[in-house]
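Text of model32.cif, listed as mmCIF, C-alpha atoms:
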```cif
data_structure
loop_
_atom_site.label_atom_id
_atom_site.label_comp_id
_atom_site.auth_asym_id
_atom_site.auth_seq_id
_atom_site.Cartn_x
_atom_site.Cartn_y
_atom_site.Cartn_z
CA MET A 1 154.81 166.32 82.31
CA LYS A 2 151.54 168.26 81.99
CA ASN A 3 149.85 165.24 80.44
CA MET A 4 150.54 163.22 83.57
CA VAL A 5 147.88 164.96 85.67
CA PRO A 6 144.79 163.89 83.66
CA PHE A 7 146.14 160.36 83.41
CA LYS A 8 146.72 160.05 87.15
CA ILE A 9 143.26 161.45 87.84
CA TRP A 10 141.77 158.86 85.47
CA VAL A 11 143.60 156.04 87.26
CA LEU A 12 142.44 157.30 90.66
CA VAL A 13 138.81 157.60 89.54
CA MET A 14 138.83 154.11 88.02
CA GLY A 15 140.37 152.66 91.16
CA LEU A 16 137.77 154.28 93.39
CA PHE A 17 134.98 153.14 91.06
CA LEU A 18 136.16 149.55 91.23
CA ALA A 19 136.63 149.63 94.98
CA VAL A 20 133.14 151.02 95.60
CA ASN A 21 131.36 148.61 93.27
CA LEU A 22 133.02 145.37 94.35
CA PRO A 23 131.21 142.76 96.45
CA ALA A 24 131.51 143.19 100.18
CA ASP A 25 133.23 139.81 100.59
CA ALA A 26 135.94 140.53 98.00
CA GLN A 27 139.59 140.07 98.94
CA ASN A 28 141.04 143.57 98.61
CA SER A 29 144.21 145.12 99.95
CA PHE A 30 146.34 148.24 99.84
CA GLY A 31 150.06 148.09 100.52
CA LEU A 32 153.39 149.88 100.57
CA LYS A 33 156.31 148.36 98.70
CA ALA A 34 160.06 148.63 98.27
CA GLY A 35 162.45 146.70 96.10
CA GLY A 36 165.41 146.60 93.77
CA ASN A 37 165.86 146.28 90.03
CA LEU A 38 168.56 145.29 87.58
CA SER A 39 168.18 147.17 84.30
CA TYR A 40 169.91 146.85 80.96
CA LEU A 41 169.43 147.86 77.33
CA GLY A 42 168.89 145.56 74.39
CA PRO A 43 167.72 141.97 74.06
CA THR A 44 171.04 140.57 75.31
CA PHE A 45 173.89 141.55 77.61
CA ASP A 46 176.09 143.44 75.15
CA GLU A 47 179.67 143.96 76.34
CA GLU A 48 179.37 147.70 75.65
CA TYR A 49 176.39 147.95 78.01
CA GLY A 50 176.52 147.28 81.71
CA GLU A 51 173.54 146.49 83.86
CA ARG A 52 173.15 148.57 87.00
CA VAL A 53 171.20 148.21 90.22
CA GLY A 54 168.32 150.57 91.02
CA TYR A 55 165.44 150.68 93.47
CA THR A 56 161.67 151.18 93.72
CA LEU A 57 159.44 152.77 96.37
CA GLY A 58 155.69 152.94 96.01
CA ALA A 59 152.15 151.84 96.75
CA THR A 60 150.20 148.88 95.42
CA GLY A 61 146.67 147.52 95.55
CA HIS A 62 144.98 144.17 94.97
CA ILE A 63 141.33 144.52 93.95
CA GLU A 64 139.32 141.34 93.41
CA LEU A 65 137.25 141.74 90.25
CA LEU A 66 135.97 138.15 90.15
CA PRO A 67 136.84 135.14 92.30
CA SER A 68 140.60 134.59 91.86
CA PHE A 69 140.95 137.47 89.34
CA TYR A 70 142.61 140.69 90.50
CA PHE A 71 143.31 144.19 89.26
CA ILE A 72 146.72 145.29 90.59
CA PRO A 73 147.40 149.02 90.18
CA GLU A 74 150.64 150.55 91.44
CA VAL A 75 152.24 153.98 91.69
CA ASN A 76 156.02 153.78 92.10
CA TYR A 77 159.06 156.01 92.21
CA THR A 78 161.75 154.00 90.40
CA ARG A 79 165.45 154.61 89.93
CA ARG A 80 166.97 152.85 86.91
CA ALA A 81 170.64 152.98 86.00
CA PHE A 82 172.72 151.99 82.98
CA LYS A 83 176.41 151.91 82.14
CA PHE A 84 178.01 152.34 78.71
CA PHE A 85 181.62 151.26 78.24
CA THR A 86 183.72 152.44 75.29
CA PRO A 87 187.55 152.44 75.08
CA ALA A 88 188.96 155.69 73.66
CA PHE A 89 192.31 157.40 73.04
CA LEU A 90 192.84 160.47 75.22
CA ASP A 91 196.15 162.34 74.82
CA ASN A 92 197.54 159.38 72.83
CA THR A 93 196.72 157.02 75.70
CA LEU A 94 194.14 154.26 75.62
CA ALA A 95 191.56 155.06 78.29
CA ASP A 96 188.47 153.38 79.63
CA THR A 97 185.48 155.69 79.36
CA ASP A 98 182.25 154.95 81.19
CA LEU A 99 178.96 156.78 80.84
CA PHE A 100 176.56 156.27 83.75
CA LEU A 101 172.89 157.09 83.27
CA GLY A 102 170.73 157.50 86.37
CA LEU A 103 167.06 157.84 85.39
CA ASN A 104 164.29 158.56 87.89
CA TYR A 105 160.76 157.58 86.86
CA LEU A 106 157.18 157.69 88.02
CA ASP A 107 155.92 154.21 87.08
CA ILE A 108 152.26 153.24 86.83
CA PRO A 109 151.82 149.48 86.29
CA LEU A 110 148.24 148.32 85.64
CA ASN A 111 148.37 144.54 85.96
CA LEU A 112 145.74 141.82 85.88
CA GLY A 113 146.40 138.69 87.90
CA TYR A 114 145.07 135.24 88.61
CA GLY A 115 145.62 133.67 92.01
CA ALA A 116 144.09 132.63 95.27
CA PHE A 117 144.29 132.96 99.03
CA MET A 118 144.98 129.68 100.80
CA GLN A 119 143.65 129.92 104.32
CA GLU A 120 143.57 127.40 107.12
CA GLU A 121 141.59 127.74 110.30
CA ASP A 122 143.76 129.39 112.95
CA GLY A 123 146.66 129.26 110.48
CA PRO A 124 148.53 131.78 108.32
CA ASP A 125 147.12 133.31 105.14
CA MET A 126 149.00 132.19 102.03
CA PHE A 127 148.71 133.93 98.67
CA LEU A 128 149.94 133.01 95.19
CA LEU A 129 149.36 135.24 92.17
CA PHE A 130 150.51 135.28 88.53
CA TYR A 131 150.06 138.56 86.66
CA GLY A 132 150.83 140.64 83.61
CA GLY A 133 149.90 144.00 82.18
CA PRO A 134 151.03 147.34 80.76
CA GLN A 135 153.28 149.79 82.54
CA PHE A 136 153.51 153.53 81.87
CA ASN A 137 156.76 155.29 82.82
CA PHE A 138 157.23 159.05 83.13
CA LEU A 139 160.78 160.39 83.35
CA LEU A 140 161.12 162.80 86.28
CA SER A 141 164.84 163.59 86.34
CA GLN A 142 168.33 162.39 85.40
CA ASN A 143 171.63 162.02 87.28
CA ASN A 144 174.35 161.30 84.71
CA ARG A 145 178.11 160.95 85.08
CA PHE A 146 181.10 160.46 82.79
CA ARG A 147 184.23 158.71 84.07
CA THR A 148 187.63 158.16 82.45
CA SER A 149 190.40 155.86 83.66
CA THR A 150 193.99 155.96 82.40
CA GLY A 151 196.38 153.92 84.48
CA ASN A 152 196.06 155.12 88.07
CA ASN A 153 194.30 158.34 87.10
CA ASN A 154 190.52 158.53 87.37
CA ALA A 155 188.26 161.49 86.66
CA THR A 156 184.50 161.79 87.06
CA VAL A 157 182.35 164.61 85.66
CA ASP A 158 178.67 165.26 86.29
CA LEU A 159 176.69 165.69 83.07
CA ASP A 160 173.61 167.67 82.16
CA GLU A 161 170.38 165.90 81.34
CA PHE A 162 170.19 164.41 77.85
CA ASP A 163 167.40 165.76 75.66
CA ASN A 164 167.17 162.67 73.46
CA ILE A 165 165.97 160.31 76.22
CA ARG A 166 162.24 159.70 75.96
CA SER A 167 160.16 161.44 78.62
CA THR A 168 157.50 158.70 78.48
CA ASP A 169 157.85 154.99 77.98
CA VAL A 170 155.38 152.11 77.71
CA GLY A 171 156.09 148.43 78.29
CA PHE A 172 154.75 145.19 79.67
CA ASN A 173 155.17 143.30 82.96
CA LEU A 174 155.16 139.57 83.64
CA GLY A 175 155.58 138.25 87.15
CA PHE A 176 154.30 136.43 90.19
CA SER A 177 153.75 137.19 93.86
CA VAL A 178 153.87 134.98 96.94
CA GLY A 179 152.22 136.18 100.14
CA TYR A 180 152.43 135.16 103.78
CA ASN A 181 149.91 136.87 106.02
CA GLN A 182 150.32 140.59 105.23
CA TRP A 183 153.74 140.29 103.57
CA LEU A 184 154.05 139.87 99.82
CA PHE A 185 157.18 138.95 97.85
CA ASP A 186 157.18 139.93 94.18
CA LEU A 187 159.36 138.98 91.20
CA ARG A 188 158.76 140.49 87.76
CA TYR A 189 160.24 140.98 84.31
CA TYR A 190 159.64 144.21 82.39
CA PHE A 191 160.35 144.99 78.73
CA ALA A 192 159.74 148.26 76.91
CA PHE A 193 157.92 148.55 73.60
CA THR A 194 160.09 151.45 72.38
CA SER A 195 163.72 152.54 72.47
CA LEU A 196 164.99 154.44 75.48
CA PHE A 197 166.19 157.14 73.08
CA GLU A 198 164.10 159.28 70.75
CA PHE A 199 166.10 158.21 67.69
CA ASP A 200 164.48 154.78 68.18
CA ILE A 201 167.09 152.02 67.99
CA ASP A 202 165.47 148.64 68.64
CA ALA A 203 168.60 147.34 70.38
CA ASP A 204 168.26 150.08 73.02
CA ARG A 205 164.93 149.01 74.46
CA MET A 206 164.91 148.97 78.23
CA THR A 207 164.55 145.69 80.08
CA SER A 208 164.63 145.05 83.81
CA VAL A 209 164.23 142.34 86.40
CA SER A 210 162.96 143.45 89.79
CA ILE A 211 162.16 142.03 93.19
CA GLY A 212 159.95 143.68 95.77
CA LEU A 213 158.54 143.29 99.24
CA SER A 214 155.14 144.72 100.18
CA TYR A 215 153.23 145.06 103.42
CA ARG A 216 149.48 144.84 102.77
CA PHE A 217 146.58 146.26 104.72
CA ILE A 218 143.87 143.69 103.96
CA SER A 219 140.19 144.55 103.71
CA ARG A 220 137.68 141.69 103.60
#
```

Rendering of file as structure tokens:
Amino acid sequence: MKNMVPFKIWVLVMGLFLAVNLPADAQNSFGLKAGGNLSYLGPTFDEEYGERVGYTLGATGHIELLPSFYFIPEVNYTRRAFKFFTPAFLDNTLADTDLFLGLNYLDIPLNLGYGAFMQEEDGPDMFLLFYGGPQFNFLLSQNNRFRTSTGNNNATVDLDEFDNIRSTDVGFNLGFSVGYNQWLFDLRYYFAFTSLFEFDIDADRMTSVSIGLSYRFISR
């Protein structure tokens, strides 16, 4: 976690540098966003893994570097969740055992996009943007549970944090945004470059699909 501070300072300085040195007529905005995500592990939906719904809260910016080209930095608090299902024998009885991982991240996507504002006189502002770029994830905390089910008996136990989950993760985003006036709808696909776990199993790379809604404060 100590390495996060210099990195965040670097991002802030670069963002301020770009904002100060852009043309006065550039289309720039700052916004607040919220959304949901569906996360899973591996390249396919394996029956032993279960996707789970999470959420994102954060801030986003759109900085016009050149006409129609944008730098899109974000700082987000993201909750991702996973479910592992494995049948097991407990006291000579076949039981369903579920492991729930709840992982809380600080996400820093640094996307580049191509798009345009479509404006009509006395009409609404429309915005369409396609983007992609790296994303850096820093694990803040975990909320893990273990549940067993045998017949009508269910038991849930809170678990300690797992040491073998990577504290940092790097991946790539692909997505698009559609804007109407100051509102922006976002759909993106994220895939990690490394395994979620430190023992590095390729099948356990994190993937997620997310939707978001942002309210932008536009500066022209």

As a check of understanding, name the residues that the PyMOL selection byres ((chain A and resi 36) around 10) selects in the supplied structure, as a VMD selection string. chain A and resid 34 to 35 37 to 39 53 to 57 78 to 80 209 to 213

request  = Please provide as a list of chain:residue names all residues within 7 Å of region 183-193 of chain A, with the sequence filter that same-chain residues fewer than 6 positions apart are discarded (counting all atoms listed in the file).
outcome  = A:Val170, A:Gly171, A:Phe172, A:Asn173, A:Leu174, A:Gly175, A:Phe176, A:Ser177, A:Arg205, A:Met206, A:Thr207, A:Ser208, A:Val209, A:Ser210, A:Ile211, A:Gly212, A:Leu213, A:Ser214, A:Tyr215, A:Arg216

Of A:Pro134, A:Gln142, A:Phe127, A:Ile72, the one sitting nearest Tyr105 (chain A) when using all atoms listed in the file is A:Gln142

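Note that the spacing between CA of Phe130 (chain A) and CA of Thr194 (chain A) amounts to 24.8 Å.
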
Applied to the shown file, which residues does the PyMOL selection byres ((chain A and resi 137) around 8) return, written as number ranges by chain? A: 105-108, 135-136, 138-139, 168-170

What would the file look like if the residues just selected were written as a PDB file, keeping the file's coordinate frame with C-alpha atoms?
```
ATOM      1  CA  TYR A 105     160.760 157.580  86.860  1.00  0.00           C
ATOM      2  CA  LEU A 106     157.180 157.690  88.020  1.00  0.00           C
ATOM      3  CA  ASP A 107     155.920 154.210  87.080  1.00  0.00           C
ATOM      4  CA  ILE A 108     152.260 153.240  86.830  1.00  0.00           C
ATOM      5  CA  GLN A 135     153.280 149.790  82.540  1.00  0.00           C
ATOM      6  CA  PHE A 136     153.510 153.530  81.870  1.00  0.00           C
ATOM      7  CA  PHE A 138     157.230 159.050  83.130  1.00  0.00           C
ATOM      8  CA  LEU A 139     160.780 160.390  83.350  1.00  0.00           C
ATOM      9  CA  THR A 168     157.500 158.700  78.480  1.00  0.00           C
ATOM     10  CA  ASP A 169     157.850 154.990  77.980  1.00  0.00           C
ATOM     11  CA  VAL A 170     155.380 152.110  77.710  1.00  0.00           C
TER      12      VAL A 170
END
```

The residue from A:Asn144, A:Gln27, A:Asn76, A:Asn181 with the smallest atom-to-atom distance to His62 (chain A), counting all atoms listed in the file, is A:Gln27

Handout entry: Atomic separation - CA of Ala59 (chain A) relative to CA of Gly179 (chain A), Å
Key =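 We find that CA of Gly179 (chain A) and CA of Ala59 (chain A) lie 16.0 Å from each other.
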
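Among the candidate residues A:Leu103, A:Gly133, A:Pro109, A:Ile218, the one lying nearest to Arg166 (chain A) is A:Leu103, with distances computed using only C-alpha atoms.
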
task: Record the distance separating CA of Gly61 (chain A) and CA of Met118 (chain A), expressed in Å with one decimal.
output: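 It comes out at 18.7 Å.
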
Nearby residues, (150.5, 150.0, 99.6) file frame, 6 Å, all atoms listed in the file, as a list in words = Phe30, Gly31, Leu32, Ala59 and Thr60 of chain A

Given the file shown, enumerate the residues that the PyMOL selection byres ((chain A and resi 114) around 10) captures and present them as a VMD selection string. chain A and resid 64 66 to 71 112 to 113 115 to 116 128 to 132 176
